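Heads up: the structure comes next, in structure tokens.
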Amino acid sequence: MREITLSQAVNEAIAEEMRRDPTIFLLGEDVAEAGTPFKILSGLVEEFGTERIIDTPISEPGFTGIAVGAAMTGSRPIVDLMFGDFLTLVMDQMVNQAAKIHYMSGGKLNVPMVLRTNMGATRRSAAQHSQSLHAWVCHVPGLKVAMPSSAYEAKGLLKTAIRDNNPVIIFEDKLMYQDKAEVPEEEYLIPFGEAKIHRPGRDITLIATSSMVQVAQQAAESLAQEGIEAEVIDPRTLVPLDEGTLIASVKKTSRAIVVDEGHRNYGITAELASRITEKAFYYLDAPVQRLAAMDVPIPFSPPLEDLTVPTPDRLVVAARAALKGELPHGA
Amino acid sequence: MREITLSQAVNEAIAEEMRRDPTIFLLGEDVAEAGTPFKILSGLVEEFGTERIIDTPISEPGFTGIAVGAAMTGSRPIVDLMFGDFLTLVMDQMVNQAAKIHYMSGGKLNVPMVLRTNMGATRRSAAQHSQSLHAWVCHVPGLKVAMPSSAYEAKGLLKTAIRDNNPVIIFEDKLMYQDKAEVPEEEYLIPFGEAKIHRPGRDITLIATSSMVQVAQQAAESLAQEGIEAEVIDPRTLVPLDEGTLIASVKKTSRAIVVDEGHRNYGITAELASRITEKAFYYLDAPVQRLAAMDVPIPFSPPLEDLTVPTPDRLVVAARAALKGELPHGA
Amino acid sequence: MTIPNISNSETYLRMYRQMVRIRNFEDNANKLYLTAKMPGLTHMYSGQEAVAVGLCEALEKTDHITSTHRGHGHCVAKGADFQQMFCELLGKEEGYCRGKGGSMHIADQENGNLGANAIVGGSAGIATGAALSAKRLATGAVTVCFFGDGALGQGLLYEVMNMAALWSLPIIYACENNLYGEYTHVSEMAAGQLKTRASAFGIDSFEVDGQDVLAVNDLAQDLVVRARRGEGPFFVVLNTYRYHGHHVGDINRAYYRSKEEEDEWKTNRDPIKNFAHWLIDKKIIDQQDLTEIQKDIAAEAEAAVIYALAARYPSEREVGDHVYKI
Amino acid sequence: MTIPNISNSETYLRMYRQMVRIRNFEDNANKLYLTAKMPGLTHMYSGQEAVAVGLCEALEKTDHITSTHRGHGHCVAKGADFQQMFCELLGKEEGYCRGKGGSMHIADQENGNLGANAIVGGSAGIATGAALSAKRLATGAVTVCFFGDGALGQGLLYEVMNMAALWSLPIIYACENNLYGEYTHVSEMAAGQLKTRASAFGIDSFEVDGQDVLAVNDLAQDLVVRARRGEGPFFVVLNTYRYHGHHVGDINRAYYRSKEEEDEWKTNRDPIKNFAHWLIDKKIIDQQDLTEIQKDIAAEAEAAVIYALAARYPSEREVGDHVYKI
Ligand SMILES: Cc1ncc(C[n+]2csc(CCOP(=O)(O)OP(=O)(O)O)c2C)c(N)n1
Ligand SMILES: Cc1ncc(C[n+]2csc(CCOP(=O)(O)OP(=O)(O)O)c2C)c(N)n1
Ligand SMILES: [Mg+2]
Ligand SMILES: [Mg+2]
């Protein structure tokens, strides 16, 4: 199979879907000739023209609202939100409008739109360009949330998102845009709500999202050298969540760690840990542990920033503790 | 002791603090002559004038941003956000600005402001006026979050919030504004990060926020008639969180249910349940259960709306299940 | 007022009827509230009828509108029927939104009403998106975005007007200046001249007497044609007045507006009364027939209320439906 | 250009020096990036010096400014020193923000700089709040809110300008129109005339050549005096140009702007070169002394860079500090 970058995967997904369905268009800042600052969309405007790849002013609430209205009236817009940190600006349109319209209208109206944005720190971009804010939108009924962990998932999940009849938010990790993965030549979609077992194992379950899947896989390698067989699972979509696969794994391994790059406090690791604990409680030999971003604004200074995110080393330490049945954080 | 309503308690807290400190002012929509649609602030403009009780245009992002800037330059503003659902509009100013400025400036600047808003459903106000969105801001380092459960807490917590040197968000339950409680004549403050045990018990811990404390107390009454002694605890502030009190209780009772009016999915019940499970795992006889708002936009239709929120009856059922060691939700 | 065009008699009478229908709807809604038969609160449109009717009569069924918390008038004017509307206000299964939306979210997709909105200014993006959709898909549809003077405080409006202007979208921003946002006068909420808020973006802007249904309709006809030709967007300030409080529960209003002011508008500037005089004056209809129309509509409204009161609530199973579209 | 006032020689030379300091700072920052010594990316202010200096020279130390992602120029102009600035850009403990903010969040509270902001338009609220604070606490301070042409897309700006106008706040909104927001020309981002964006709110609005430090400073002096008297707010469009790419990594720019355009501005409209000519022309200084100034500043910058490169990072313990103020 050929290898392509995550950035190319996103580009391909959009191009394929736009060829298939003329009601799809894309809008955002610097998306046309510039192809976004990350150059993810390069070439699309050449194929589809400025009528379908639309440069907007710097007006995140405005163009997101426009996407909502377009989605209600026969179009299938894709919004490019340049940084995940700008979710702050579009919460009203996504939460009070997009998420609720189908329900509030008793099923008469719906909002088939995709909001593509990103997440992830350690890019030395400081506190307003490094956040992973997916927990917020996961909390909102009516929204779906996808977290691709490689080029392969990025393409398949995005195509599914574009065909979904609901508002979907998809978070790409900024630092993974150049990461390559094997991606089929032929068309494929990845259904929502199906977790993927990246690596099977019997001793402990590592549940990881987005780039944390790489962290978990590296940790699993190290643990394997100590004779510990970790199972690595990627939920792929947080809403809907494939609880079944997670719980089946934990019932087998009796131990789990959830790893995510959002802040730890009131973040998504808590929900995943709670779901598992609720349904696999009597199988657990130790409390489900959580590894997440430190609860501080992301600092610019590199040595400080590097402390704030989960790493394979930190995960290995946590896994060893879990295997000894120790409580996290020295409690 | 005299009894006053929660609405009066808020009014008194603001008046007392404004008398004490001339740098405090309040701004928001219809706060002056109208005293807010809930009439909470009636009388304040008469005492403090329109220079300190400031009616704004309908510009939530704008006046919240103005409060941030005023707080950075010697004022202590209180923002009145008419409905908690409008948090969607002020997330950028609260999260990307207010919460991060102290950290990003290496401690040089700070933002002593209070955002007062509300929460709670069953007022037949439909999906855009019934949300309880505190989970979002709890997830943001740099913000503090208070959840008063009575007139007594509302006054004491608000006074503490006003004196705090950081941005504090305080959620009042709309349906409790007319609820009365005993409140001392003399001045008092309630420190942040100190949970309150409303009712002691040895069989199960019910951790409840805001109006859910009433729900928990009613459930505890019912349970008492069955010989089950529930301990009811109110964290009062979610950030900072008094983990110690919660964990000590659960170590004693071995069972816990967390009750909150935010949505269940990726909400605050998950964090509280996870914290307890992590630190009291070996004391637990059953998984910590969670009772929260249903994961649907709040419907207008009364019989549907009433289904979406936790009630004493539902809590009693959950408690009985927990006592039998059953897993929640039929898992 | 305009010179009557006799071939337009039908149109005039339809406009009259629609205004009376709105007034009747509101009177009944208010009664339902006062007799504690309606859940929650609601915002009355009475007094502003000429705005909704004047604009919507210039639209086709396939054209879109977005509406506000004060949305019953827009909904009726765009062609909704009483029965489904009252059912919605009462949270009944047969309501336009199966009772899930209520007064503040009433929508009527079949007639092009994309919905009321309880976020002030919140529909400005939706309306502009509908216009973009229409332009891209070449449907020929025009969108009217209704909002109040208070919504001029919301930044979203300026963002989308800028894009509508840059992209020449077929949309009319209709600012209903009823002088108040809740309990605060427009002069305390809006600096400068309202019209220039849009002309700053190079948008052709107009001001019209919102109590004069013919003036509103004349302008609307013109702008709709121009918008269909790709000459949009447009912005219109419609000067009007709400007769009731901000919502049905807002009874004591003296602290923010005078009884005299209210009386002046109700007595001398009522859009229905004045239009009735004009219709009779111009011999388009006589008093007797007018009274007949009023009676018919009153009966229609009453029947709808009775029907809605007796109608079923949605079944409890429905609470989990429509979170996601399959 | 303005007629020189000999008693102002000191001021003229200080303005010249400040412009040269900014240009030197940026050249060094760019070098640090190109030699991979600086973490992350940064946005160069070169070419826009007359804007920051012309405005800030009209302010007192106790007056406030808010700044943008392109904030080094504002920071220098408001009185910051090189050493703490370079330390901040490199994430060092002695930086203005202990290395925690970096280029996009540099702040210098002692000199009244409330900080750069990585949210486009994000500081408009903060600036307006500082002005409200100043008015309420009667400090006499004026605030200048710097932002780019791209920020005109953000609704927040219109919300706060409305309030500033309603409440007569002592603030100057300074829109630096450098013709681009990232890789998009202002004409694709902003409909209508930029100045009218503020006059729509009844705000007194001006347009000035942002490459002419004296023109900028003359206007600024006037507006600052008027703002202190309570005649604010004001809005100024300053026409200018950024010499470098959007950020240091934006090297290939041909797809969004021509080399000819860049050359025209750099050759004929450079604010520093032109001001130097004027100073010599008017015999305020001779070429030799000018060269001396340039050398001194270059040496100052170089020393600061060397210092910053050798300086310590904050200790790991600090990562958890300053989340909350005790
Ligand atoms: C974003 C937002 N802010 C505040 C409110 C509360 N609110 C409801 S209606 C209203 C006044 C709206 O005034 P206007 O736009 O003039 O409409 P009118 O009520 O006069 O029809 C306010 C402040 C809201 N619903 N949404
Ligand atoms: C809210 C927001 N949207 C988008 C961006 C990404 N971005 C950074 S700078 C910039 C262009 C800003 O243009 P302008 O305001 O003209 O300032 P200039 O860069 O020209 O100084 C954009 C789009 C951002 N930082 N914040
Ligand atoms: Mg109004
Ligand atoms: Mg620019």
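Following the order of the structure tokens, chains are lettered A, B, ..., residues in each are numbered from 1, and ligands are numbered from 1.
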Counting only C-alpha atoms, chain B residues within 6 Å of chain C, as a PyMOL selection string
chain B and resi 57-59+124+299-301+304
Just-selected residues, all heavy atoms written as a tab-separated table (two decimals), in the first residue's frame:
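Result went into result.tsv, see below:
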chain	number	residue	atom	x	y	z
B	57	PRO	N	-25.28	47.20	26.11
B	57	PRO	CA	-26.00	46.64	24.96
B	57	PRO	C	-25.96	45.11	25.03
B	57	PRO	O	-25.29	44.53	25.89
B	57	PRO	CB	-25.19	47.15	23.76
B	57	PRO	CG	-24.27	48.18	24.28
B	57	PRO	CD	-24.07	47.91	25.73
B	58	ILE	N	-26.66	44.46	24.12
B	58	ILE	CA	-26.70	43.00	24.08
B	58	ILE	C	-25.43	42.52	23.37
B	58	ILE	O	-25.43	42.23	22.19
B	58	ILE	CB	-27.98	42.50	23.39
B	58	ILE	CG1	-29.20	43.15	24.06
B	58	ILE	CG2	-28.09	40.98	23.48
B	58	ILE	CD1	-30.52	42.88	23.35
B	59	SER	N	-24.35	42.46	24.12
B	59	SER	CA	-23.01	42.25	23.58
B	59	SER	C	-22.20	41.44	24.57
B	59	SER	O	-21.26	41.95	25.18
B	59	SER	CB	-22.30	43.60	23.35
B	59	SER	OG	-23.10	44.50	22.62
B	124	ARG	N	-39.35	25.42	31.51
B	124	ARG	CA	-40.09	25.48	30.24
B	124	ARG	C	-39.48	26.57	29.35
B	124	ARG	O	-40.19	27.35	28.71
B	124	ARG	CB	-41.59	25.79	30.45
B	124	ARG	CG	-42.37	24.94	31.44
B	124	ARG	CD	-41.83	23.65	31.73
B	124	ARG	NE	-42.60	22.85	32.70
B	124	ARG	CZ	-42.13	21.68	33.11
B	124	ARG	NH1	-40.94	21.20	32.72
B	124	ARG	NH2	-42.85	20.97	33.94
B	299	PRO	N	-35.81	19.65	25.97
B	299	PRO	CA	-37.03	19.86	25.19
B	299	PRO	C	-37.96	20.86	25.88
B	299	PRO	O	-37.95	20.98	27.11
B	299	PRO	CB	-37.67	18.48	25.15
B	299	PRO	CG	-37.16	17.77	26.37
B	299	PRO	CD	-35.80	18.35	26.68
B	300	PHE	N	-38.75	21.55	25.09
B	300	PHE	CA	-39.72	22.49	25.64
B	300	PHE	C	-40.88	21.76	26.31
B	300	PHE	O	-41.31	22.11	27.40
B	300	PHE	CB	-40.25	23.40	24.53
B	300	PHE	CG	-41.45	24.19	24.95
B	300	PHE	CD1	-41.34	25.23	25.87
B	300	PHE	CD2	-42.71	23.90	24.44
B	300	PHE	CE1	-42.45	25.96	26.27
B	300	PHE	CE2	-43.83	24.63	24.83
B	300	PHE	CZ	-43.70	25.66	25.75
B	301	SER	N	-41.40	20.74	25.66
B	301	SER	CA	-42.62	20.08	26.12
B	301	SER	C	-42.47	19.59	27.57
B	301	SER	O	-41.59	18.79	27.87
B	301	SER	CB	-42.92	18.90	25.19
B	301	SER	OG	-44.20	18.38	25.49
B	304	LEU	N	-41.75	15.97	28.60
B	304	LEU	CA	-40.42	15.52	28.17
B	304	LEU	C	-39.33	16.18	29.01
B	304	LEU	O	-38.38	15.53	29.44
B	304	LEU	CB	-40.19	15.83	26.69
B	304	LEU	CG	-41.13	15.19	25.67
B	304	LEU	CD1	-40.59	15.38	24.25
B	304	LEU	CD2	-41.34	13.70	25.96
What's the 12 Å shell around Leu55 (chain C), counting only C-alpha atoms, without same-chain residues fewer than 6 positions away, as an MDAnalysis selection string?
chainID C and resid 15 18:19 48:49 63:65 73:74 77:78 142:146 172:176 208 210 212:224 236 238
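One finds CA of Ser274 (chain A) at 23.3 Å from CA of Glu229 (chain A).
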Using only C-alpha atoms, find each residue in chain A having at least one atom no more than 8 Å away from chain B; report its shortest atom-to-atom pair and that distance in Å (one decimal), rows by chain then rising number, as JSON lines.
{"residue": "A:Asp85", "atom": "CA", "partner": "B:Asn96", "partner_atom": "CA", "distance": 7.8}
{"residue": "A:Phe86", "atom": "CA", "partner": "B:Asp92", "partner_atom": "CA", "distance": 7.5}
{"residue": "A:Thr88", "atom": "CA", "partner": "B:Asp92", "partner_atom": "CA", "distance": 4.5}
{"residue": "A:Leu89", "atom": "CA", "partner": "B:Asp92", "partner_atom": "CA", "distance": 5.6}
{"residue": "A:Val90", "atom": "CA", "partner": "B:Thr88", "partner_atom": "CA", "distance": 7.7}
{"residue": "A:Met91", "atom": "CA", "partner": "B:Thr88", "partner_atom": "CA", "distance": 4.8}
{"residue": "A:Asp92", "atom": "CA", "partner": "B:Thr88", "partner_atom": "CA", "distance": 4.5}
{"residue": "A:Val95", "atom": "CA", "partner": "B:Thr88", "partner_atom": "CA", "distance": 7.3}
{"residue": "A:Asn96", "atom": "CA", "partner": "B:Gln128", "partner_atom": "CA", "distance": 6.0}
{"residue": "A:Lys100", "atom": "CA", "partner": "B:Pro297", "partner_atom": "CA", "distance": 6.1}
{"residue": "A:Tyr103", "atom": "CA", "partner": "B:Pro297", "partner_atom": "CA", "distance": 6.8}
{"residue": "A:Met104", "atom": "CA", "partner": "B:Pro299", "partner_atom": "CA", "distance": 7.1}
{"residue": "A:Ala127", "atom": "CA", "partner": "B:Met104", "partner_atom": "CA", "distance": 7.1}
{"residue": "A:Gln128", "atom": "CA", "partner": "B:Asn96", "partner_atom": "CA", "distance": 6.0}
{"residue": "A:Ala135", "atom": "CA", "partner": "B:Tyr266", "partner_atom": "CA", "distance": 6.7}
{"residue": "A:Trp136", "atom": "CA", "partner": "B:Trp136", "partner_atom": "CA", "distance": 5.5}
{"residue": "A:Cys138", "atom": "CA", "partner": "B:Tyr266", "partner_atom": "CA", "distance": 6.2}
{"residue": "A:His139", "atom": "CA", "partner": "B:Tyr266", "partner_atom": "CA", "distance": 4.9}
{"residue": "A:Val140", "atom": "CA", "partner": "B:Asp295", "partner_atom": "CA", "distance": 7.6}
{"residue": "A:Pro141", "atom": "CA", "partner": "B:Val296", "partner_atom": "CA", "distance": 5.3}
{"residue": "A:Gly142", "atom": "CA", "partner": "B:Val296", "partner_atom": "CA", "distance": 7.3}
{"residue": "A:His263", "atom": "CA", "partner": "B:His139", "partner_atom": "CA", "distance": 6.7}
{"residue": "A:Arg264", "atom": "CA", "partner": "B:His139", "partner_atom": "CA", "distance": 7.8}
{"residue": "A:Asn265", "atom": "CA", "partner": "B:His139", "partner_atom": "CA", "distance": 5.5}
{"residue": "A:Tyr266", "atom": "CA", "partner": "B:His139", "partner_atom": "CA", "distance": 4.9}
{"residue": "A:Gly267", "atom": "CA", "partner": "B:His139", "partner_atom": "CA", "distance": 6.1}
{"residue": "A:Ile268", "atom": "CA", "partner": "B:Tyr266", "partner_atom": "CA", "distance": 6.0}
{"residue": "A:Ala270", "atom": "CA", "partner": "B:Glu271", "partner_atom": "CA", "distance": 5.0}
{"residue": "A:Glu271", "atom": "CA", "partner": "B:Ala270", "partner_atom": "CA", "distance": 5.0}
{"residue": "A:Ala273", "atom": "CA", "partner": "B:Ser274", "partner_atom": "CA", "distance": 6.6}
{"residue": "A:Ser274", "atom": "CA", "partner": "B:Ala270", "partner_atom": "CA", "distance": 5.7}
{"residue": "A:Thr277", "atom": "CA", "partner": "B:Pro287", "partner_atom": "CA", "distance": 6.3}
{"residue": "A:Glu278", "atom": "CA", "partner": "B:Pro287", "partner_atom": "CA", "distance": 5.4}
{"residue": "A:Lys279", "atom": "CA", "partner": "B:Ala331", "partner_atom": "CA", "distance": 5.6}
{"residue": "A:Phe281", "atom": "CA", "partner": "B:Pro287", "partner_atom": "CA", "distance": 5.9}
{"residue": "A:Ala286", "atom": "CA", "partner": "B:Phe281", "partner_atom": "CA", "distance": 7.3}
{"residue": "A:Pro287", "atom": "CA", "partner": "B:Glu278", "partner_atom": "CA", "distance": 5.4}
{"residue": "A:Val288", "atom": "CA", "partner": "B:Glu278", "partner_atom": "CA", "distance": 7.0}
{"residue": "A:Gln289", "atom": "CA", "partner": "B:Glu278", "partner_atom": "CA", "distance": 7.1}
{"residue": "A:Asp295", "atom": "CA", "partner": "B:Pro141", "partner_atom": "CA", "distance": 5.4}
{"residue": "A:Val296", "atom": "CA", "partner": "B:Pro141", "partner_atom": "CA", "distance": 5.3}
{"residue": "A:Pro297", "atom": "CA", "partner": "B:Lys100", "partner_atom": "CA", "distance": 6.1}
{"residue": "A:Pro299", "atom": "CA", "partner": "B:Met104", "partner_atom": "CA", "distance": 7.1}
{"residue": "A:Leu327", "atom": "CA", "partner": "B:Glu278", "partner_atom": "CA", "distance": 6.2}
{"residue": "A:Pro328", "atom": "CA", "partner": "B:Glu278", "partner_atom": "CA", "distance": 6.4}
{"residue": "A:Ala331", "atom": "CA", "partner": "B:Lys279", "partner_atom": "CA", "distance": 5.6}
Give me, as CSV, the closest atom pair and its distance (Å, one decimal) for every residue of chain C within a cut-off of 6 Å of chain D, counting only C-alpha atoms, rows sorted by chain and rising number.
residue,atom,partner,partner_atom,distance
C:Gly153,CA,D:Glu159,CA,5.9
C:Gly155,CA,D:Gly155,CA,3.6
C:Leu156,CA,D:Gly155,CA,5.4
C:Tyr158,CA,D:Gly155,CA,5.9
C:Glu159,CA,D:Gly155,CA,5.5
C:Asn162,CA,D:Ala191,CA,5.8
C:Leu166,CA,D:Ala191,CA,5.5
C:Ala191,CA,D:Phe201,CA,5.0
C:Gly192,CA,D:Phe201,CA,4.3
C:Thr196,CA,D:Ala200,CA,4.9
C:Arg197,CA,D:Ala200,CA,5.1
C:Ala200,CA,D:Thr196,CA,4.9
C:Phe201,CA,D:Gly192,CA,4.3
C:Gly202,CA,D:Gly192,CA,4.3
Hey, what does DSSP flag as strand (DSSP E or B) within region 96-137 of chain B? Can you give it to me as a list in words?
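After running DSSP on the backbone, region 96-137 of chain B has strand (DSSP E or B) at Val114, Leu115, Arg116, Thr117, Asn118 and Met119 of chain B.
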Which of region 153-290 of chain C fall in helix (DSSP H, G or I), as a ChimeraX atom specification:
/C:153,155-166,186-189,196-199,213-228,259-268,271-281,287-290
Hey, what's within 6 Å of Ala256 (chain B) if we count only C-alpha atoms and toss same-chain stuff fewer than 3 positions away? As number ranges by chain, please?
B: 204-206, 288
For the residues selected in the previous step, produce a file with all heavy atoms as a compact mmCIF listing (two decimals), in the first residue's frame.
# COMPACT_ATOMS: atom_id res chain seq x y z
N ILE B 204 -23.95 5.40 52.49
CA ILE B 204 -23.65 5.80 51.10
C ILE B 204 -23.42 7.30 51.06
O ILE B 204 -24.04 8.05 51.83
CB ILE B 204 -24.80 5.39 50.13
CG1 ILE B 204 -24.42 5.69 48.66
CG2 ILE B 204 -26.11 6.08 50.50
CD1 ILE B 204 -25.33 5.03 47.64
N THR B 205 -22.52 7.76 50.18
CA THR B 205 -22.23 9.19 50.04
C THR B 205 -22.94 9.72 48.80
O THR B 205 -22.79 9.17 47.71
CB THR B 205 -20.71 9.41 49.89
OG1 THR B 205 -20.06 8.81 51.01
CG2 THR B 205 -20.39 10.89 49.82
N LEU B 206 -23.73 10.76 48.99
CA LEU B 206 -24.36 11.43 47.85
C LEU B 206 -23.68 12.78 47.68
O LEU B 206 -23.77 13.65 48.55
CB LEU B 206 -25.86 11.63 48.10
CG LEU B 206 -26.67 10.39 48.47
CD1 LEU B 206 -28.14 10.76 48.70
CD2 LEU B 206 -26.55 9.30 47.40
N VAL B 288 -18.76 3.92 41.68
CA VAL B 288 -19.41 5.21 41.93
C VAL B 288 -20.42 5.44 40.80
O VAL B 288 -20.10 5.24 39.64
CB VAL B 288 -18.37 6.35 41.94
CG1 VAL B 288 -19.06 7.69 42.16
CG2 VAL B 288 -17.31 6.10 43.00
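Atom 2 (C, counted along the ligand's line) of ligand 2 is positioned 24.8 Å from CA of Ile22 (chain D).
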Thr23 (chain A) environment, 8 Å, only C-alpha atoms, sequence neighbours closer than 5 positions dropped, as number ranges by chain:
A: 18, 74-77; C: 137
Find the spatial neighbours of Glu243 (chain A), counting only C-alpha atoms, within a cut-off of 9 Å - ignore same-chain residues fewer than 3 positions away - and output them as a VMD selection string.
chain A and resid 193 to 195 235 240 246 to 248 272 275 to 276
As an exercise, work out the distance from CA of Asp173 (chain A) to CA of Gly120 (chain A) in Å and give it to one decimal place.
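Distance between the two atoms: 5.4 Å.
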Might you pull out every residue within 8 Å of Gly115 (chain D), with only C-alpha atoms counted and same-chain residues fewer than 4 positions away left off, and present them as a VMD selection string?
(chain B and resid 105) or (chain D and resid 65 to 68 105 to 109)
Please write the residues from the selection above to a file, keeping N, CA and C atoms, as a PDB file, in the first residue's frame.
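Written file, again27.pdb:
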ATOM      1  N   SER B 105       1.553  36.055  31.470  1.00  0.00           N
ATOM      2  CA  SER B 105       2.375  37.220  31.804  1.00  0.00           C
ATOM      3  C   SER B 105       3.397  36.879  32.883  1.00  0.00           C
TER       4      SER B 105
ATOM      5  N   ILE D  65      -1.525  50.436  26.350  1.00  0.00           N
ATOM      6  CA  ILE D  65      -1.748  49.920  25.002  1.00  0.00           C
ATOM      7  C   ILE D  65      -2.102  48.439  25.098  1.00  0.00           C
ATOM      8  N   THR D  66      -2.833  47.950  24.089  1.00  0.00           N
ATOM      9  CA  THR D  66      -2.918  46.505  23.877  1.00  0.00           C
ATOM     10  C   THR D  66      -2.353  46.234  22.499  1.00  0.00           C
ATOM     11  N   SER D  67      -1.782  45.057  22.361  1.00  0.00           N
ATOM     12  CA  SER D  67      -1.005  44.756  21.180  1.00  0.00           C
ATOM     13  C   SER D  67      -1.481  43.461  20.524  1.00  0.00           C
ATOM     14  N   THR D  68      -0.794  43.051  19.493  1.00  0.00           N
ATOM     15  CA  THR D  68      -1.243  41.912  18.678  1.00  0.00           C
ATOM     16  C   THR D  68      -0.154  40.836  18.593  1.00  0.00           C
ATOM     17  N   HIS D 105       2.695  36.757  23.353  1.00  0.00           N
ATOM     18  CA  HIS D 105       2.021  37.202  24.571  1.00  0.00           C
ATOM     19  C   HIS D 105       2.857  38.162  25.383  1.00  0.00           C
ATOM     20  N   ILE D 106       3.843  38.741  24.718  1.00  0.00           N
ATOM     21  CA  ILE D 106       4.741  39.627  25.457  1.00  0.00           C
ATOM     22  C   ILE D 106       3.927  40.791  26.034  1.00  0.00           C
ATOM     23  N   ALA D 107       4.211  41.095  27.293  1.00  0.00           N
ATOM     24  CA  ALA D 107       3.501  42.167  27.992  1.00  0.00           C
ATOM     25  C   ALA D 107       4.519  42.897  28.845  1.00  0.00           C
ATOM     26  N   ASP D 108       4.243  44.131  29.126  1.00  0.00           N
ATOM     27  CA  ASP D 108       5.196  44.938  29.893  1.00  0.00           C
ATOM     28  C   ASP D 108       4.377  45.923  30.700  1.00  0.00           C
ATOM     29  N   GLN D 109       3.858  45.361  31.770  1.00  0.00           N
ATOM     30  CA  GLN D 109       2.884  46.094  32.553  1.00  0.00           C
ATOM     31  C   GLN D 109       3.427  47.419  33.078  1.00  0.00           C
TER      32      GLN D 109
END
Excluding Thr73 (chain B) and its own-chain neighbours fewer than 6 positions away, which residues fall within 10 Å of it when counting only C-alpha atoms? Please give them as number ranges by chain.
B: 67, 109-112; D: 64, 109, 112, 114, 126-127, 129-134, 137
Restricting the calculation to only C-alpha atoms, which member of A:Asp80, A:Glu29, A:Asp179, A:Asp242 is positioned closest to Thr56 (chain A)?
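Nearest to Thr56 (chain A): A:Glu29.
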